[in-house]
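Colleague: Coordinates in upload13.cif, mmCIF, C-alpha atoms, are listed below.
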data_final
loop_
_atom_site.group_PDB
_atom_site.id
_atom_site.type_symbol
_atom_site.label_atom_id
_atom_site.label_comp_id
_atom_site.auth_asym_id
_atom_site.auth_seq_id
_atom_site.Cartn_x
_atom_site.Cartn_y
_atom_site.Cartn_z
ATOM 1 C CA MET O 41 -0.997 -10.797 60.426
ATOM 2 C CA ASN O 42 1.898 -9.437 58.422
ATOM 3 C CA THR O 43 1.627 -6.894 55.671
ATOM 4 C CA ILE O 44 2.738 -9.567 53.232
ATOM 5 C CA THR O 45 -0.473 -11.481 54.031
ATOM 6 C CA LEU O 46 -2.580 -8.592 52.751
ATOM 7 C CA TYR O 47 -0.791 -8.523 49.455
ATOM 8 C CA GLN O 48 -0.909 -12.291 49.171
ATOM 9 C CA ILE O 49 -4.683 -12.262 49.763
ATOM 10 C CA ILE O 50 -5.091 -9.707 46.969
ATOM 11 C CA GLY O 51 -2.813 -11.682 44.651
ATOM 12 C CA ALA O 52 -4.663 -14.912 45.377
ATOM 13 C CA GLY O 53 -8.000 -13.135 44.893
ATOM 14 C CA LEU O 54 -6.928 -11.797 41.509
ATOM 15 C CA PHE O 55 -5.718 -15.241 40.486
ATOM 16 C CA ILE O 56 -9.042 -16.804 41.569
ATOM 17 C CA PHE O 57 -10.990 -14.154 39.632
ATOM 18 C CA GLY O 58 -8.879 -14.884 36.564
ATOM 19 C CA CYS O 59 -9.511 -18.633 36.923
ATOM 20 C CA CYS O 60 -13.272 -18.054 37.383
ATOM 21 C CA GLY O 61 -13.343 -15.811 34.311
ATOM 22 C CA LEU O 62 -11.455 -18.344 32.222
ATOM 23 C CA LEU O 63 -13.838 -21.092 33.242
ATOM 24 C CA CYS O 64 -17.026 -19.030 32.828
ATOM 25 C CA ASN O 65 -16.241 -17.229 29.538
ATOM 26 C CA LYS O 66 -15.693 -19.138 26.312
ATOM 27 C CA ASN O 67 -14.878 -16.011 24.301
ATOM 28 C CA CYS O 68 -11.222 -15.939 23.216
ATOM 29 C CA TRP O 69 -10.748 -12.191 23.800
ATOM 30 C CA SER O 70 -12.110 -12.600 27.315
ATOM 31 C CA SER O 71 -9.752 -15.492 27.956
ATOM 32 C CA ILE O 72 -6.752 -13.294 27.064
ATOM 33 C CA ILE O 73 -8.034 -10.582 29.423
ATOM 34 C CA PHE O 74 -8.561 -13.052 32.270
ATOM 35 C CA MET O 75 -5.124 -14.542 31.698
ATOM 36 C CA GLN O 76 -3.805 -11.003 32.113
ATOM 37 C CA LEU O 77 -5.645 -10.824 35.448
ATOM 38 C CA MET O 78 -4.062 -14.098 36.561
ATOM 39 C CA ALA O 79 -0.647 -12.772 35.550
ATOM 40 C CA GLY O 80 -1.350 -9.640 37.604
ATOM 41 C CA GLY O 81 -2.088 -11.788 40.660
ATOM 42 C CA VAL O 82 1.145 -13.711 40.177
ATOM 43 C CA ILE O 83 3.119 -10.469 39.862
ATOM 44 C CA VAL O 84 1.599 -8.999 43.042
ATOM 45 C CA ASN O 85 2.410 -12.182 44.982
ATOM 46 C CA PHE O 86 5.907 -12.330 43.579
ATOM 47 C CA LEU O 87 6.648 -8.704 44.382
ATOM 48 C CA ALA O 88 5.243 -9.045 47.920
ATOM 49 C CA VAL O 89 7.442 -12.075 48.604
ATOM 50 C CA VAL O 90 10.484 -10.342 47.140
ATOM 51 C CA ARG O 91 9.815 -7.181 49.140
ATOM 52 C CA PHE O 92 9.174 -8.754 52.522
ATOM 53 C CA CYS O 93 11.201 -11.954 52.531
ATOM 54 C CA ARG O 94 14.295 -10.573 50.879
ATOM 55 C CA ALA O 95 14.288 -7.192 52.572
ATOM 56 C CA GLY O 96 17.396 -5.141 52.005
ATOM 57 C CA GLN O 97 18.332 -6.801 48.754
ATOM 58 C CA PRO O 98 17.814 -4.974 45.469
ATOM 59 C CA ALA O 99 14.887 -6.575 43.724
ATOM 60 C CA GLU O 100 13.817 -3.900 41.286
ATOM 61 C CA MET O 101 15.577 -5.347 38.261
ATOM 62 C CA LEU O 102 14.565 -8.914 39.081
ATOM 63 C CA THR O 103 10.908 -7.909 39.360
ATOM 64 C CA ALA O 104 11.067 -5.779 36.239
ATOM 65 C CA VAL O 105 12.511 -8.686 34.268
ATOM 66 C CA PHE O 106 9.812 -10.984 35.675
ATOM 67 C CA ILE O 107 7.027 -8.575 34.702
ATOM 68 C CA ILE O 108 8.480 -8.002 31.247
ATOM 69 C CA GLY O 109 8.761 -11.775 30.754
ATOM 70 C CA ILE O 110 5.150 -12.431 31.706
ATOM 71 C CA MET O 111 3.836 -9.521 29.656
ATOM 72 C CA PHE O 112 5.958 -10.537 26.669
ATOM 73 C CA ALA O 113 4.406 -14.002 26.831
ATOM 74 C CA MET O 114 0.945 -12.393 26.979
ATOM 75 C CA ILE O 115 1.674 -10.149 23.979
ATOM 76 C CA VAL O 116 2.983 -13.112 21.955
ATOM 77 C CA PHE O 117 -0.137 -15.059 22.886
ATOM 78 C CA ALA O 118 -2.376 -12.150 21.815
ATOM 79 C CA ILE O 119 -0.541 -11.786 18.486
ATOM 80 C CA ILE O 120 -0.783 -15.527 17.777
ATOM 81 C CA PHE O 121 -4.470 -15.489 18.637
ATOM 82 C CA THR O 122 -5.126 -12.448 16.429
ATOM 83 C CA LEU O 123 -3.339 -14.088 13.520
ATOM 84 C CA LYS O 124 -5.339 -17.274 14.042
ATOM 85 C CA VAL O 125 -8.641 -15.359 13.996
ATOM 86 C CA PHE O 126 -7.486 -13.422 10.916
ATOM 87 C CA LEU O 127 -6.511 -16.623 9.063
ATOM 88 C CA ASP O 128 -9.765 -18.352 10.003
ATOM 89 C CA GLU O 129 -11.715 -15.350 8.732
ATOM 90 C CA SER O 130 -9.819 -15.239 5.421
ATOM 91 C CA GLU O 131 -10.346 -19.002 4.963
ATOM 92 C CA SER O 132 -14.080 -18.682 5.537
ATOM 93 C CA ASN O 133 -14.222 -15.746 3.059
ATOM 94 C CA SER O 134 -12.412 -17.783 0.408
ATOM 95 C CA ASP O 135 -14.916 -20.584 0.919
ATOM 96 C CA ILE O 136 -17.823 -18.247 0.277
ATOM 97 C CA GLU O 137 -16.488 -16.462 -2.857
ATOM 98 C CA PRO O 138 -16.640 -19.231 -5.504
ATOM 99 C CA MET Y 81 -2.644 16.661 57.717
ATOM 100 C CA GLU Y 82 0.989 16.527 58.874
ATOM 101 C CA ASN Y 83 0.550 13.193 60.651
ATOM 102 C CA PHE Y 84 -1.533 11.694 57.912
ATOM 103 C CA HIS Y 85 -0.129 8.456 56.493
ATOM 104 C CA TRP Y 86 -0.697 8.004 52.814
ATOM 105 C CA THR Y 87 0.271 4.322 52.634
ATOM 106 C CA PRO Y 88 -3.097 2.982 53.925
ATOM 107 C CA VAL Y 89 -4.892 5.374 51.580
ATOM 108 C CA LEU Y 90 -2.917 4.087 48.642
ATOM 109 C CA PHE Y 91 -3.400 0.509 49.766
ATOM 110 C CA TRP Y 92 -7.188 0.690 50.117
ATOM 111 C CA LEU Y 93 -7.518 2.668 46.909
ATOM 112 C CA ALA Y 94 -5.524 -0.062 45.190
ATOM 113 C CA VAL Y 95 -7.715 -2.759 46.752
ATOM 114 C CA GLY Y 96 -10.867 -0.986 45.597
ATOM 115 C CA LEU Y 97 -9.500 -0.440 42.112
ATOM 116 C CA THR Y 98 -8.225 -4.003 41.810
ATOM 117 C CA LEU Y 99 -10.666 -6.461 43.290
ATOM 118 C CA PHE Y 100 -14.064 -4.977 42.536
ATOM 119 C CA PRO Y 101 -13.576 -4.276 38.827
ATOM 120 C CA ALA Y 102 -12.105 -7.789 38.595
ATOM 121 C CA GLY Y 103 -15.236 -9.214 40.232
ATOM 122 C CA LEU Y 104 -17.454 -7.183 37.930
ATOM 123 C CA ALA Y 105 -15.450 -8.381 34.925
ATOM 124 C CA VAL Y 106 -16.034 -12.001 35.918
ATOM 125 C CA ALA Y 107 -19.751 -11.312 36.301
ATOM 126 C CA SER Y 108 -20.060 -9.428 33.004
ATOM 127 C CA SER Y 109 -20.749 -11.222 29.748
ATOM 128 C CA ASN Y 110 -20.029 -8.348 27.348
ATOM 129 C CA VAL Y 111 -16.423 -8.576 26.046
ATOM 130 C CA ARG Y 112 -16.085 -4.817 25.648
ATOM 131 C CA SER Y 113 -17.082 -4.098 29.252
ATOM 132 C CA VAL Y 114 -14.749 -6.887 30.398
ATOM 133 C CA ALA Y 115 -11.901 -5.135 28.553
ATOM 134 C CA HIS Y 116 -12.753 -1.758 30.117
ATOM 135 C CA LEU Y 117 -13.002 -3.248 33.611
ATOM 136 C CA SER Y 118 -9.683 -5.025 33.148
ATOM 137 C CA LEU Y 119 -8.086 -1.680 32.288
ATOM 138 C CA ILE Y 120 -9.318 -0.301 35.651
ATOM 139 C CA THR Y 121 -7.985 -3.442 37.357
ATOM 140 C CA HIS Y 122 -4.562 -2.949 35.799
ATOM 141 C CA PHE Y 123 -4.507 0.614 37.079
ATOM 142 C CA GLY Y 124 -5.351 -0.801 40.538
ATOM 143 C CA ILE Y 125 -2.491 -3.301 40.310
ATOM 144 C CA PHE Y 126 -0.230 -0.401 39.319
ATOM 145 C CA THR Y 127 -1.297 1.460 42.477
ATOM 146 C CA LEU Y 128 -0.712 -1.716 44.500
ATOM 147 C CA LEU Y 129 2.825 -2.042 43.163
ATOM 148 C CA ILE Y 130 3.432 1.641 43.944
ATOM 149 C CA SER Y 131 2.204 1.058 47.523
ATOM 150 C CA LEU Y 132 4.725 -1.802 47.750
ATOM 151 C CA GLY Y 133 7.425 0.714 46.908
ATOM 152 C CA ALA Y 134 8.398 -0.670 43.531
ATOM 153 C CA GLU Y 135 8.075 2.253 41.150
ATOM 154 C CA LEU Y 136 10.048 0.962 38.180
ATOM 155 C CA PRO Y 137 8.232 -2.402 37.900
ATOM 156 C CA ALA Y 138 4.926 -0.594 38.393
ATOM 157 C CA ILE Y 139 5.582 1.797 35.516
ATOM 158 C CA ILE Y 140 6.758 -1.053 33.260
ATOM 159 C CA TYR Y 141 3.655 -3.047 34.212
ATOM 160 C CA LEU Y 142 1.329 -0.123 33.475
ATOM 161 C CA ILE Y 143 2.904 0.701 30.119
ATOM 162 C CA LEU Y 144 2.887 -2.917 28.907
ATOM 163 C CA ASN Y 145 -0.571 -3.716 30.192
ATOM 164 C CA LEU Y 146 -2.265 -0.539 29.011
ATOM 165 C CA SER Y 147 -0.791 -0.945 25.540
ATOM 166 C CA LEU Y 148 -1.935 -4.562 25.446
ATOM 167 C CA GLY Y 149 -5.378 -3.577 26.768
ATOM 168 C CA VAL Y 150 -5.803 -0.868 24.129
ATOM 169 C CA CYS Y 151 -4.688 -3.350 21.446
ATOM 170 C CA ILE Y 152 -7.294 -5.815 22.719
ATOM 171 C CA LEU Y 153 -9.986 -3.106 22.621
ATOM 172 C CA TYR Y 154 -9.129 -2.357 18.981
ATOM 173 C CA GLY Y 155 -8.738 -6.067 18.260
ATOM 174 C CA ILE Y 156 -12.294 -6.730 19.385
ATOM 175 C CA ASP Y 157 -13.433 -4.256 16.702
ATOM 176 C CA LEU Y 158 -11.070 -5.470 13.996
ATOM 177 C CA PHE Y 159 -11.476 -9.204 14.509
ATOM 178 C CA PRO Y 160 -14.877 -9.788 16.029
ATOM 179 C CA ILE Y 161 -15.557 -13.351 17.036
ATOM 180 C CA PRO Y 162 -18.260 -14.925 14.794
ATOM 181 C CA ALA Y 163 -21.526 -14.047 16.435
ATOM 182 C CA LYS Y 164 -23.057 -16.794 18.502
ATOM 183 C CA PRO Y 165 -26.270 -16.262 20.394
ATOM 184 C CA PRO Y 166 -25.135 -14.608 23.640
ATOM 185 C CA ALA Y 167 -25.359 -17.180 26.372
ATOM 186 C CA ARG Y 168 -27.338 -15.850 29.277
ATOM 187 C CA LYS Y 169 -25.313 -16.183 32.427
ATOM 188 C CA ARG Y 170 -26.632 -18.256 35.240
ATOM 189 C CA LYS Y 171 -27.381 -16.436 38.438
ATOM 190 C CA ILE Y 172 -24.674 -18.306 40.312
ATOM 191 C CA ALA Y 173 -22.045 -16.990 37.846
ATOM 192 C CA VAL Y 174 -23.028 -13.438 38.796
ATOM 193 C CA ILE Y 175 -23.504 -13.957 42.516
ATOM 194 C CA LEU Y 176 -20.347 -16.033 43.076
ATOM 195 C CA PRO Y 177 -17.815 -13.294 42.127
ATOM 196 C CA ALA Y 178 -19.730 -10.756 44.218
ATOM 197 C CA ILE Y 179 -19.627 -13.048 47.267
ATOM 198 C CA LEU Y 180 -15.975 -13.852 46.579
ATOM 199 C CA SER Y 181 -14.964 -10.194 46.359
ATOM 200 C CA ALA Y 182 -16.916 -9.397 49.534
ATOM 201 C CA ILE Y 183 -15.172 -12.263 51.389
ATOM 202 C CA ILE Y 184 -11.742 -11.142 50.183
ATOM 203 C CA PHE Y 185 -12.515 -7.551 51.186
ATOM 204 C CA LEU Y 186 -13.645 -8.637 54.675
ATOM 205 C CA LEU Y 187 -10.579 -10.868 54.980
ATOM 206 C CA LEU Y 188 -8.406 -7.903 54.121
ATOM 207 C CA VAL Y 189 -10.115 -5.644 56.648
ATOM 208 C CA GLY Y 190 -9.700 -8.361 59.290
ATOM 209 C CA ALA Y 191 -6.069 -8.913 58.404
ATOM 210 C CA PHE Y 192 -5.445 -5.178 58.471
ATOM 211 C CA TYR Y 193 -7.025 -4.413 61.823
ATOM 212 C CA PHE Y 194 -6.845 -7.473 64.042
ATOM 213 C CA THR Y 195 -3.200 -8.208 64.600
ATOM 214 C CA PRO Y 196 -2.439 -10.944 67.143
ATOM 215 C CA GLN Y 197 -1.386 -9.337 70.406
ATOM 216 C CA PRO Y 198 0.785 -10.700 73.184
ATOM 217 C CA VAL Y 199 -1.252 -11.923 76.150
ATOM 218 C CA ALA Y 200 0.332 -9.356 78.498
ATOM 219 C CA ASP Y 201 -0.981 -6.515 76.338
ATOM 220 C CA LEU Y 202 -4.506 -7.879 76.548
ATOM 221 C CA PHE Y 203 -4.428 -7.603 80.352
ATOM 222 C CA ASN Y 204 -2.938 -4.121 80.428
ATOM 223 C CA ASP Y 205 -4.572 -2.082 77.704
ATOM 224 C CA ARG Y 206 -7.596 -2.200 75.538
ATOM 225 C CA ILE Y 207 -7.061 -3.715 72.086
ATOM 226 C CA GLN Y 208 -5.354 -1.223 69.815
ATOM 227 C CA PRO Y 209 -6.025 -1.231 66.095
ATOM 228 C CA ALA Y 210 -3.026 -1.841 63.882
ATOM 229 C CA ILE Y 211 -3.347 1.543 62.211
ATOM 230 C CA THR Y 212 -5.087 4.849 62.839
ATOM 231 C CA ASP Y 213 -8.818 5.208 62.442
ATOM 232 C CA GLN Y 214 -8.485 7.421 59.401
ATOM 233 C CA SER Y 215 -8.237 4.357 57.240
ATOM 234 C CA LEU Y 216 -11.718 3.288 58.353
ATOM 235 C CA LEU Y 217 -13.042 6.408 56.689
ATOM 236 C CA LEU Y 218 -11.172 5.388 53.587
ATOM 237 C CA ILE Y 219 -12.697 1.925 53.679
ATOM 238 C CA LEU Y 220 -16.130 3.535 53.742
ATOM 239 C CA ILE Y 221 -15.119 5.707 50.790
ATOM 240 C CA GLY Y 222 -13.990 2.523 49.052
ATOM 241 C CA VAL Y 223 -17.374 0.906 49.689
ATOM 242 C CA PHE Y 224 -19.061 4.015 48.295
ATOM 243 C CA PHE Y 225 -16.815 3.804 45.257
ATOM 244 C CA VAL Y 226 -17.780 0.158 44.759
ATOM 245 C CA ILE Y 227 -21.484 0.989 44.969
ATOM 246 C CA ILE Y 228 -20.982 3.679 42.302
ATOM 247 C CA LEU Y 229 -19.157 1.161 40.094
ATOM 248 C CA ILE Y 230 -21.890 -1.436 40.470
ATOM 249 C CA SER Y 231 -24.632 1.073 39.739
ATOM 250 C CA ALA Y 232 -22.732 2.336 36.676
ATOM 251 C CA GLU Y 233 -22.407 -1.250 35.466
ATOM 252 C CA GLN Y 234 -26.136 -1.770 35.936
ATOM 253 C CA LEU Y 235 -26.949 1.435 34.054
ATOM 254 C CA LEU Y 236 -24.678 0.462 31.171
ATOM 255 C CA ARG Y 237 -26.276 -2.971 31.022
ATOM 256 C CA LYS Y 238 -29.766 -1.459 30.837
ATOM 257 C CA LYS Y 239 -28.735 0.790 27.924
#
Once more with this new file: its structure as structure tokens, please.

Modeller:
Amino acid sequence: MNTITLYQIIGAGLFIFGCCGLLCNKNCWSSIIFMQLMAGGVIVNFLAVVRFCRAGQPAEMLTAVFIIGIMFAMIVFAIIFTLKVFLDESESNSDIEP
Amino acid sequence: MENFHWTPVLFWLAVGLTLFPAGLAVASSNVRSVAHLSLITHFGIFTLLISLGAELPAIIYLILNLSLGVCILYGIDLFPIPAKPPARKRKIAVILPAILSAIIFLLLVGAFYFTPQPVADLFNDRIQPAITDQSLLLILIGVFFVIILISAEQLLRKK
């Protein structure tokens, strides 16, 4: 087996763990964390393919942009989720006060 | 130590730091411990990216993920989810990730050691491992590390 296979097994394993966690846990914070795990698996697979299949070509910037893109999406998702929880909490407080 | 290759060390360390905390995180039901275990997993992915030889993406990944992880840890305190009765996990939800991580680990060991050889080599020599035997020692250290992690998780759960 090639070295790329090892990295692809790890990436697939991480992705499967993320999927299992998403399905098993209903907590929203946990779902963000497991989505991060899935993103990690995707990044490992992507980097392994870039490293081994496009050997000799500069891939640092491409990978960095890919990682930043995925993480940016995760951060936006976390901020939106936090705001949603905050708004829900303030609504429930305003219901209780009168 | 002059002939010692650090790449397998880094690789198996990364595997240990990545897969087993991820499996424990799937098995755990406490959000805080899930967040801590995911931080360890991100450090493992960082080591994995370093072992692939991509330093810049690895550093960017670590910085972004650690900051997001710390924010999540504080976010759990600031915005706790309305308390529901904690659902007790079924046994299969705990056993399945453990079996899965063990299968992936064995698959990795198999993929690492048993490379397909040409038929002529099989007649001439005995089967050679793909890498030196020093990495076997490191696998055992990795297993030891996993046992420590599992026992720590059990201790924390009891407290």

Colleague: List every protein, DNA or RNA residue that has an atom no more than 10 Å from (-3.2, -10.1, 31.7) in the file's coordinate frame, counting only C-alpha atoms, and report them as a list in words.

Modeller: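 Those residues lying close to the given coordinates are Gly58, Ser71, Ile72, Ile73, Phe74, Met75, Gln76, Leu77, Met78, Ala79, Gly80, Gly81, Ile110, Met111, Ala113, Met114 and Ile115 of chain O; Ser118, Leu119, Thr121, His122, Leu144, Asn145, Leu146, Leu148 and Gly149 of chain Y.
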
Colleague: Counting all atoms listed in the file, what is within 7 Å of O:Tyr47, bar same-chain residues fewer than 5 positions away, as a PyMOL selection string?

Modeller: chain O and resi 84-85+88

Colleague: What residues come out when you apply the PyMOL selection byres ((chain Y and resi 129) around 12) to this file, written as a ChimeraX atom specification?

Modeller: /O:47,50-51,80-81,83-88,90-91,100,103-104,107 /Y:87,90-91,93-95,98,122-128,130-142

Colleague: Identify which of the residues Y:Val106, Y:Ile183, Y:Leu158, Y:Val150 lies closest to chain O, counting only C-alpha atoms when measuring atom-to-atom distances.

Modeller: Y:Val106

Colleague: What separation in Å, quoted to one decimal, exists between atom CA of O:Ile56 and atom CA of Y:Gly103?

Modeller: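 These two atoms are separated by 9.9 Å.
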
Colleague: Rounded to one decimal place, report the atom CA of O:Ile49-atom CA of O:Gly61 distance in Å.

Modeller: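 Atom-to-atom, atom CA of O:Ile49 to atom CA of O:Gly61, that is 18.1 Å.
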
Colleague: How far is it from atom CA of Y:Pro101 to atom CA of Y:Leu117, in Å with one decimal?

Modeller: 5.3 Å

Colleague: Measuring atom to atom with all atoms listed in the file, identify which of Y:Val89, Y:Ile184, Y:Leu97, Y:Ile143 is nearest to chain O.

Modeller: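 Among the listed residues, Y:Ile184 lies closest to chain O.
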
Colleague: Place N, CA, C and O atoms on stretch 106-121 of chain O and deliver the coordinates as a short mmCIF file (atom, residue, chain, number, x, y, z; two decimals), keeping the file's coordinate frame.

Modeller:
data_model
loop_
_atom_site.label_atom_id
_atom_site.label_comp_id
_atom_site.auth_asym_id
_atom_site.auth_seq_id
_atom_site.Cartn_x
_atom_site.Cartn_y
_atom_site.Cartn_z
N PHE O 106 10.92 -10.03 35.52
CA PHE O 106 9.81 -10.98 35.67
C PHE O 106 8.55 -10.45 35.01
O PHE O 106 7.87 -11.16 34.25
N ILE O 107 8.23 -9.18 35.28
CA ILE O 107 7.03 -8.57 34.70
C ILE O 107 7.13 -8.53 33.18
O ILE O 107 6.19 -8.88 32.47
N ILE O 108 8.31 -8.09 32.70
CA ILE O 108 8.48 -8.00 31.25
C ILE O 108 8.34 -9.38 30.62
O ILE O 108 7.71 -9.54 29.56
N GLY O 109 8.88 -10.41 31.28
CA GLY O 109 8.76 -11.78 30.75
C GLY O 109 7.32 -12.22 30.65
O GLY O 109 6.89 -12.72 29.59
N ILE O 110 6.56 -12.02 31.71
CA ILE O 110 5.15 -12.43 31.71
C ILE O 110 4.36 -11.66 30.65
O ILE O 110 3.60 -12.23 29.87
N MET O 111 4.59 -10.34 30.60
CA MET O 111 3.84 -9.52 29.66
C MET O 111 4.22 -9.85 28.22
O MET O 111 3.39 -9.82 27.31
N PHE O 112 5.51 -10.17 28.01
CA PHE O 112 5.96 -10.54 26.67
C PHE O 112 5.23 -11.81 26.22
O PHE O 112 4.77 -11.90 25.07
N ALA O 113 5.13 -12.77 27.15
CA ALA O 113 4.41 -14.00 26.83
C ALA O 113 2.95 -13.69 26.49
O ALA O 113 2.38 -14.26 25.54
N MET O 114 2.34 -12.76 27.24
CA MET O 114 0.94 -12.39 26.98
C MET O 114 0.80 -11.74 25.60
O MET O 114 -0.14 -12.03 24.85
N ILE O 115 1.76 -10.85 25.27
CA ILE O 115 1.67 -10.15 23.98
C ILE O 115 1.84 -11.15 22.84
O ILE O 115 1.12 -11.10 21.83
N VAL O 116 2.79 -12.09 23.00
CA VAL O 116 2.98 -13.11 21.96
C VAL O 116 1.71 -13.94 21.79
O VAL O 116 1.26 -14.22 20.67
N PHE O 117 1.10 -14.28 22.92
CA PHE O 117 -0.14 -15.06 22.89
C PHE O 117 -1.23 -14.28 22.16
O PHE O 117 -1.96 -14.85 21.32
N ALA O 118 -1.34 -12.98 22.46
CA ALA O 118 -2.38 -12.15 21.82
C ALA O 118 -2.13 -12.05 20.31
O ALA O 118 -3.07 -12.12 19.51
N ILE O 119 -0.85 -11.90 19.92
CA ILE O 119 -0.54 -11.79 18.49
C ILE O 119 -0.88 -13.09 17.78
O ILE O 119 -1.50 -13.09 16.70
N ILE O 120 -0.49 -14.23 18.39
CA ILE O 120 -0.78 -15.53 17.78
C ILE O 120 -2.29 -15.72 17.63
O ILE O 120 -2.80 -16.14 16.58
N PHE O 121 -3.01 -15.33 18.67
CA PHE O 121 -4.47 -15.49 18.64
C PHE O 121 -5.09 -14.62 17.55
O PHE O 121 -5.97 -15.05 16.80
#
